[in-house]
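Following: one structure in structure tokens, then a few remarks.
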Amino acid sequence: MSLFLGGLLLGLVILLALVVWSIRRHRDPDLHIECDSSIDQLIPTLAGLTLGTAVGGNSAEVLENGAFFDVLIGRIQAARDSVHFETFLWKEGALGRRVADALIDRARARVRVRVLLDAEGSKTAGASVVQQMRDAGCRVVFFHERRIRNIGVFNDRDHRKLVVIDGREAFVGGHCIVDEWLGNAEDGKHYADISLHLHGPIVHTVQSAFSENWAGETGELFVGDDVFPALAPTGDIVMHAVFAKPENSAPAVKILHHTAICLARRRIWIQNPYFIPEPDAIDAFGQAVARGVDVRVLMPSTSGSDNPMVQHAGHRNFEKLLRCGVRLFEYPHTLLHQKVMTVDGVWSAIGSSNFDDRSFETNDELTLSIRDGALARRFDAIFDKYVARTTEIELARWRRRGLSHKLTDHFFYTLNELL
């Protein structure tokens, strides 16, 4: 009887796991596109496919590495009405202290400070720092805490990195609140990253992305000119923000990246720390190369990565990518954390999304789709700066890598959606 009850209990657990999985999973169709138009002519289409609206009149400043935080903290200290801060990774340290002090200062000045931290990524933010922010008047909320009510979304993480100040300016990119993001990528202890400082109508959309998860966790709907003011044009850049993750469709960030690959006519250059493309993306890369597109991917090596397991998982498909004609470059010196893709020198994507299943299917992400040649050239120049110190992976040599390396690659690939 006890054996029967044990088997019944195990069956119920398995059934419950399948039910939770079926409820939370997203549809994963094989995406395909037939189009002869260039990507810069299709920004309204890209926005529409990703459930957004393209807006013009924006300006964007590129901020690299630790210099980002000098600008960010300076702008937080200048806030007069509201500061909205959302990030995945915050660890206790010198940088966390600087950011917390700036937020505390604004809260004491009666600025409304809302801070949304992922419960898993920011579990080591430091209880005392969090309490000090709360005591000063900051409202600090953790996304998807490990409670029974969140059992169906334990694996869904808030991977976004954004800040909105007074509803008039925003920061979007890959920077995390961890000491390794300080400095200038000068050694293996300091990472490389890119974020944008934004002004113009796009700030409203970034604010909307923050509101989505804030309302989901707190129920609060913030309103008024201090959070959604009228925004005049500040430049001539056209962009749209991509973050929707509908339950019954492919997530918008996946659609954006796949569509851009299919529309490329001359060049696709990708900078991404965790590059594990799905089979349909690999096929799309191969088709791009076949029509004459120069496809290059810049990523850290296992020695440069903060998570070598992810890089090993990516290695599993290197041979197929190389056979398709994709050029792969590994940077061994430190973590390159920027998540950037440029197409044909006219279009860019930048934000929080990695090029893997977890970002495309599970995480909450925020990526900007941008039509602007000057920004694309700036991102390509950063690519060139780092690629000069990389090792290009060559097919013949890659095929000769050892059996242990191959087995490690295949093992971690089976876990890629959990890494």
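Going through the structure tokens in order, the chains are called A, B, and so on, while each chain numbers its residues from 1 and the ligands are numbered from 1 in the order shown.
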*Can you tell me, as a VMD selection string, what residues are no more than 8 Å from Glu361 in chain A when counting only C-alpha atoms, ignoring any on the same chain fewer than 4 positions away?*
chain A and resid 26 250 to 251 254 357
*Which residues in range 79-121 of chain A does DSSP call alpha helix (DSSP H)? List them as number ranges by chain.*
A: 94-108
*So which residues touch range 390-394 of chain A within 6 Å, counting only C-alpha atoms, skipping near sequence neighbours fewer than 3 positions away, as a list in words?*
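Within the cut-off, the hits are Leu328, Phe329, Glu330, Tyr331, Val387, Arg397 and Trp398 of chain A.
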Compile the contact shell of Ser303 in chain A as a short mmCIF file (atom, residue, chain, number, x, y, z; two decimals) with all heavy atoms, in the first residue's frame: residues with an atom at most 8 Å away, counting only C-alpha atoms, same-chain residues fewer than 5 positions apart removed.
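File out_7.cif, as written:
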```cif
data_model
loop_
_atom_site.label_atom_id
_atom_site.label_comp_id
_atom_site.auth_asym_id
_atom_site.auth_seq_id
_atom_site.Cartn_x
_atom_site.Cartn_y
_atom_site.Cartn_z
N PRO A 308 30.93 30.19 -17.69
CA PRO A 308 31.47 29.33 -18.75
C PRO A 308 30.52 28.24 -19.22
O PRO A 308 30.60 27.79 -20.36
CB PRO A 308 32.73 28.74 -18.11
CG PRO A 308 33.11 29.70 -17.03
CD PRO A 308 31.81 30.25 -16.52
N PRO A 332 38.84 36.65 -24.97
CA PRO A 332 39.26 35.90 -23.78
C PRO A 332 39.57 36.76 -22.55
O PRO A 332 39.85 36.21 -21.48
CB PRO A 332 40.54 35.21 -24.28
CG PRO A 332 41.14 36.18 -25.24
CD PRO A 332 39.96 36.86 -25.91
N HIS A 333 39.56 38.07 -22.66
CA HIS A 333 40.16 38.92 -21.64
C HIS A 333 39.21 39.31 -20.50
O HIS A 333 39.65 39.50 -19.38
CB HIS A 333 40.72 40.18 -22.29
CG HIS A 333 41.63 39.88 -23.45
ND1 HIS A 333 42.86 39.29 -23.28
CD2 HIS A 333 41.46 40.05 -24.79
CE1 HIS A 333 43.43 39.13 -24.47
NE2 HIS A 333 42.61 39.57 -25.40
N THR A 334 37.93 39.46 -20.78
CA THR A 334 36.94 39.79 -19.75
C THR A 334 35.56 39.54 -20.34
O THR A 334 35.41 39.18 -21.51
CB THR A 334 37.09 41.24 -19.28
OG1 THR A 334 36.33 41.42 -18.07
CG2 THR A 334 36.60 42.24 -20.33
#
```
*Fewer than 4 positions away in the same chain doesn't count, so skip those; otherwise give me all residues within 7 Å of range 81-97 of chain A, counting only C-alpha atoms, as a PyMOL selection string.*
chain A and resi 76+101+111-118+121-122+124-126+158-166+176-179+226-227
Same residues, N, CA, C and O atoms, output as a short mmCIF file (atom, residue, chain, number, x, y, z; two decimals), in the first residue's frame:
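File out_20.cif, as written:
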```
data_model
loop_
_atom_site.label_atom_id
_atom_site.label_comp_id
_atom_site.auth_asym_id
_atom_site.auth_seq_id
_atom_site.Cartn_x
_atom_site.Cartn_y
_atom_site.Cartn_z
N ILE A 76 20.25 60.86 -11.54
CA ILE A 76 19.38 60.52 -10.40
C ILE A 76 19.42 61.65 -9.38
O ILE A 76 18.38 62.08 -8.85
N ASP A 101 22.82 55.30 -2.23
CA ASP A 101 22.93 56.63 -1.62
C ASP A 101 22.24 57.69 -2.46
O ASP A 101 21.59 58.60 -1.93
N VAL A 111 11.28 63.14 -3.47
CA VAL A 111 11.10 62.60 -4.82
C VAL A 111 10.54 61.18 -4.67
O VAL A 111 10.98 60.43 -3.79
N ARG A 112 9.58 60.82 -5.50
CA ARG A 112 9.02 59.47 -5.45
C ARG A 112 10.01 58.51 -6.10
O ARG A 112 10.28 58.59 -7.30
N VAL A 113 10.54 57.59 -5.30
CA VAL A 113 11.54 56.62 -5.78
C VAL A 113 10.94 55.23 -5.71
O VAL A 113 10.56 54.75 -4.63
N ARG A 114 10.83 54.61 -6.87
CA ARG A 114 10.34 53.24 -6.97
C ARG A 114 11.45 52.35 -7.53
O ARG A 114 12.02 52.65 -8.58
N VAL A 115 11.76 51.28 -6.82
CA VAL A 115 12.86 50.39 -7.20
C VAL A 115 12.31 48.98 -7.33
O VAL A 115 11.73 48.44 -6.37
N LEU A 116 12.49 48.38 -8.51
CA LEU A 116 12.01 47.02 -8.78
C LEU A 116 13.22 46.13 -9.06
O LEU A 116 13.93 46.33 -10.05
N LEU A 117 13.46 45.17 -8.20
CA LEU A 117 14.60 44.27 -8.30
C LEU A 117 14.12 42.84 -8.50
O LEU A 117 13.16 42.40 -7.85
N ASP A 118 14.79 42.11 -9.39
CA ASP A 118 14.44 40.70 -9.54
C ASP A 118 14.84 39.95 -8.27
O ASP A 118 15.96 40.11 -7.75
N GLY A 121 17.99 37.51 -9.10
CA GLY A 121 19.21 38.18 -9.49
C GLY A 121 19.74 39.14 -8.44
O GLY A 121 20.94 39.38 -8.35
N SER A 122 18.84 39.69 -7.62
CA SER A 122 19.24 40.69 -6.62
C SER A 122 19.12 40.17 -5.19
O SER A 122 19.02 40.95 -4.24
N THR A 124 21.37 39.07 -3.38
CA THR A 124 22.52 39.47 -2.56
C THR A 124 22.72 40.98 -2.60
O THR A 124 23.85 41.46 -2.45
N ALA A 125 21.65 41.74 -2.82
CA ALA A 125 21.76 43.20 -2.81
C ALA A 125 22.15 43.72 -1.43
O ALA A 125 22.71 44.81 -1.32
N GLY A 126 21.87 42.95 -0.41
CA GLY A 126 22.20 43.35 0.96
C GLY A 126 20.97 43.82 1.70
O GLY A 126 20.39 44.86 1.36
N ASP A 158 12.82 38.87 -14.17
CA ASP A 158 12.82 40.22 -14.72
C ASP A 158 14.27 40.58 -15.05
O ASP A 158 15.05 40.96 -14.17
N HIS A 159 14.63 40.44 -16.30
CA HIS A 159 16.02 40.64 -16.75
C HIS A 159 16.24 42.05 -17.29
O HIS A 159 17.32 42.36 -17.79
N ARG A 160 15.25 42.91 -17.20
CA ARG A 160 15.37 44.27 -17.74
C ARG A 160 16.32 45.12 -16.91
O ARG A 160 16.49 44.91 -15.71
N LYS A 161 16.95 46.10 -17.60
CA LYS A 161 17.77 47.11 -16.93
C LYS A 161 17.33 48.46 -17.46
O LYS A 161 17.61 48.81 -18.61
N LEU A 162 16.62 49.22 -16.66
CA LEU A 162 16.12 50.52 -17.11
C LEU A 162 15.99 51.47 -15.93
O LEU A 162 15.81 51.05 -14.78
N VAL A 163 16.11 52.74 -16.25
CA VAL A 163 15.87 53.81 -15.28
C VAL A 163 15.11 54.91 -16.01
O VAL A 163 15.46 55.27 -17.14
N VAL A 164 14.07 55.44 -15.38
CA VAL A 164 13.33 56.59 -15.92
C VAL A 164 13.31 57.68 -14.86
O VAL A 164 12.96 57.43 -13.70
N ILE A 165 13.70 58.89 -15.25
CA ILE A 165 13.81 60.01 -14.31
C ILE A 165 12.85 61.12 -14.72
O ILE A 165 12.89 61.61 -15.86
N ASP A 166 11.95 61.46 -13.80
CA ASP A 166 10.97 62.53 -14.00
C ASP A 166 10.10 62.30 -15.24
O ASP A 166 9.46 63.24 -15.72
N CYS A 176 24.65 46.24 -15.02
CA CYS A 176 24.12 45.72 -13.76
C CYS A 176 24.77 46.45 -12.59
O CYS A 176 25.83 47.06 -12.73
N ILE A 177 24.15 46.34 -11.43
CA ILE A 177 24.65 47.04 -10.25
C ILE A 177 25.57 46.08 -9.48
O ILE A 177 25.24 45.54 -8.42
N VAL A 178 26.73 45.88 -10.05
CA VAL A 178 27.74 44.96 -9.52
C VAL A 178 29.11 45.60 -9.75
O VAL A 178 29.35 46.22 -10.80
N ASP A 179 30.01 45.46 -8.80
CA ASP A 179 31.29 46.16 -8.88
C ASP A 179 32.09 45.84 -10.13
O ASP A 179 32.89 46.68 -10.59
N ASP A 226 4.33 64.13 -13.53
CA ASP A 226 5.66 63.80 -12.98
C ASP A 226 6.17 62.46 -13.49
O ASP A 226 7.35 62.16 -13.37
N VAL A 227 5.28 61.65 -14.09
CA VAL A 227 5.70 60.36 -14.62
C VAL A 227 5.43 60.24 -16.13
O VAL A 227 6.16 59.53 -16.84
#
```
*asked:* Measuring between only C-alpha atoms, which one of A:Ala281, A:Val242, A:Leu298, A:Ile43 shows the shortest distance to Val346 in chain A?
replied: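 Going through A:Ala281, A:Val242, A:Leu298, A:Ile43 one by one, the smallest distance to Val346 in chain A is for A:Ile43.
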*Who sits within 7 Å of Ile237 in chain A, only C-alpha atoms, same chain under 3 positions skipped, as number ranges by chain*: A: 56-59, 371-372
Convert the current residue selection to file output with all heavy atoms, as a tab-separated table (two decimals), in the first residue's frame.
```
chain	number	residue	atom	x	y	z
A	56	GLY	N	9.38	58.99	-33.67
A	56	GLY	CA	10.54	59.79	-34.04
A	56	GLY	C	10.81	60.87	-33.02
A	56	GLY	O	10.15	60.95	-31.98
A	57	GLY	N	11.80	61.70	-33.31
A	57	GLY	CA	12.09	62.85	-32.46
A	57	GLY	C	12.91	62.54	-31.23
A	57	GLY	O	12.88	63.29	-30.26
A	58	ASN	N	13.68	61.43	-31.27
A	58	ASN	CA	14.44	61.03	-30.09
A	58	ASN	C	15.93	61.33	-30.25
A	58	ASN	O	16.44	61.45	-31.36
A	58	ASN	CB	14.25	59.54	-29.84
A	58	ASN	CG	12.80	59.16	-29.71
A	58	ASN	OD1	12.14	59.52	-28.74
A	58	ASN	ND2	12.26	58.44	-30.70
A	59	SER	N	16.63	61.40	-29.12
A	59	SER	CA	18.08	61.49	-29.10
A	59	SER	C	18.62	60.42	-28.17
A	59	SER	O	17.93	59.99	-27.24
A	59	SER	CB	18.54	62.88	-28.65
A	59	SER	OG	18.07	63.17	-27.35
A	371	ARG	N	16.31	52.99	-35.84
A	371	ARG	CA	16.76	53.35	-37.19
A	371	ARG	C	17.59	54.62	-37.11
A	371	ARG	O	17.07	55.72	-36.94
A	371	ARG	CB	15.56	53.58	-38.13
A	371	ARG	CG	16.02	53.86	-39.59
A	371	ARG	CD	14.83	54.14	-40.48
A	371	ARG	NE	14.19	55.41	-40.14
A	371	ARG	CZ	12.97	55.77	-40.57
A	371	ARG	NH1	12.26	54.94	-41.31
A	371	ARG	NH2	12.46	56.94	-40.22
A	372	ASP	N	18.90	54.46	-37.20
A	372	ASP	CA	19.80	55.61	-37.17
A	372	ASP	C	21.18	55.14	-37.58
A	372	ASP	O	21.81	54.32	-36.88
A	372	ASP	CB	19.84	56.23	-35.77
A	372	ASP	CG	20.69	57.50	-35.74
A	372	ASP	OD1	20.22	58.52	-36.28
A	372	ASP	OD2	21.81	57.43	-35.21
```
*Please identify which residues in range 23-186 of chain A DSSP calls strand (DSSP E or B) from the backbone, and express them as a PyMOL selection string.*
chain A and resi 55-64+82-87+90+112-118+139-143+158+162-165+169-173+177
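Omitting Met133 in chain A and its sequence neighbours fewer than 5 positions away, and counting only C-alpha atoms, the residues within 8 Å are Ala100, Leu103, Ile104, Cys138, Arg139 and Val140 of chain A.
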Limited to all heavy atoms, could you put the picked residues into a file as a PDB file, in the first residue's frame?
```pdb
ATOM      1  N   ALA A 100      22.527  53.267  -4.183  1.00  0.00           N
ATOM      2  CA  ALA A 100      21.578  53.365  -3.070  1.00  0.00           C
ATOM      3  C   ALA A 100      21.619  54.742  -2.424  1.00  0.00           C
ATOM      4  O   ALA A 100      20.569  55.320  -2.101  1.00  0.00           O
ATOM      5  CB  ALA A 100      21.878  52.276  -2.039  1.00  0.00           C
ATOM      6  N   LEU A 103      19.697  57.216  -4.525  1.00  0.00           N
ATOM      7  CA  LEU A 103      18.254  57.002  -4.412  1.00  0.00           C
ATOM      8  C   LEU A 103      17.740  57.469  -3.051  1.00  0.00           C
ATOM      9  O   LEU A 103      16.664  58.082  -2.949  1.00  0.00           O
ATOM     10  CB  LEU A 103      17.932  55.525  -4.633  1.00  0.00           C
ATOM     11  CG  LEU A 103      18.248  54.973  -6.029  1.00  0.00           C
ATOM     12  CD1 LEU A 103      18.086  53.459  -6.055  1.00  0.00           C
ATOM     13  CD2 LEU A 103      17.366  55.621  -7.092  1.00  0.00           C
ATOM     14  N   ILE A 104      18.506  57.180  -1.998  1.00  0.00           N
ATOM     15  CA  ILE A 104      18.125  57.615  -0.653  1.00  0.00           C
ATOM     16  C   ILE A 104      18.067  59.136  -0.569  1.00  0.00           C
ATOM     17  O   ILE A 104      17.129  59.717  -0.006  1.00  0.00           O
ATOM     18  CB  ILE A 104      19.119  57.035   0.376  1.00  0.00           C
ATOM     19  CG1 ILE A 104      18.887  55.533   0.551  1.00  0.00           C
ATOM     20  CG2 ILE A 104      19.010  57.762   1.718  1.00  0.00           C
ATOM     21  CD1 ILE A 104      19.974  54.826   1.345  1.00  0.00           C
ATOM     22  N   CYS A 138      12.195  55.208  -0.078  1.00  0.00           N
ATOM     23  CA  CYS A 138      12.152  54.488  -1.357  1.00  0.00           C
ATOM     24  C   CYS A 138      11.198  53.306  -1.229  1.00  0.00           C
ATOM     25  O   CYS A 138      11.186  52.607  -0.209  1.00  0.00           O
ATOM     26  CB  CYS A 138      13.536  53.956  -1.738  1.00  0.00           C
ATOM     27  SG  CYS A 138      14.859  55.175  -1.866  1.00  0.00           S
ATOM     28  N   ARG A 139      10.432  53.073  -2.266  1.00  0.00           N
ATOM     29  CA  ARG A 139       9.624  51.873  -2.285  1.00  0.00           C
ATOM     30  C   ARG A 139      10.391  50.813  -3.061  1.00  0.00           C
ATOM     31  O   ARG A 139      10.575  50.944  -4.278  1.00  0.00           O
ATOM     32  CB  ARG A 139       8.258  52.143  -2.910  1.00  0.00           C
ATOM     33  CG  ARG A 139       7.314  50.962  -2.728  1.00  0.00           C
ATOM     34  CD  ARG A 139       5.894  51.276  -3.051  1.00  0.00           C
ATOM     35  NE  ARG A 139       5.041  50.123  -2.777  1.00  0.00           N
ATOM     36  CZ  ARG A 139       3.789  50.000  -3.175  1.00  0.00           C
ATOM     37  NH1 ARG A 139       3.219  50.993  -3.861  1.00  0.00           N
ATOM     38  NH2 ARG A 139       3.083  48.920  -2.888  1.00  0.00           N
ATOM     39  N   VAL A 140      10.868  49.784  -2.380  1.00  0.00           N
ATOM     40  CA  VAL A 140      11.679  48.726  -2.981  1.00  0.00           C
ATOM     41  C   VAL A 140      10.846  47.453  -3.028  1.00  0.00           C
ATOM     42  O   VAL A 140      10.353  46.973  -2.000  1.00  0.00           O
ATOM     43  CB  VAL A 140      12.972  48.488  -2.189  1.00  0.00           C
ATOM     44  CG1 VAL A 140      13.827  47.431  -2.887  1.00  0.00           C
ATOM     45  CG2 VAL A 140      13.754  49.787  -2.027  1.00  0.00           C
TER      46      VAL A 140
END
```
*One decimal, Å: what's the distance from CA of Asp364 in chain A over to CA of Gln287 in chain A, could you say?*
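For CA of Asp364 in chain A relative to CA of Gln287 in chain A, the distance reads 29.0 Å.
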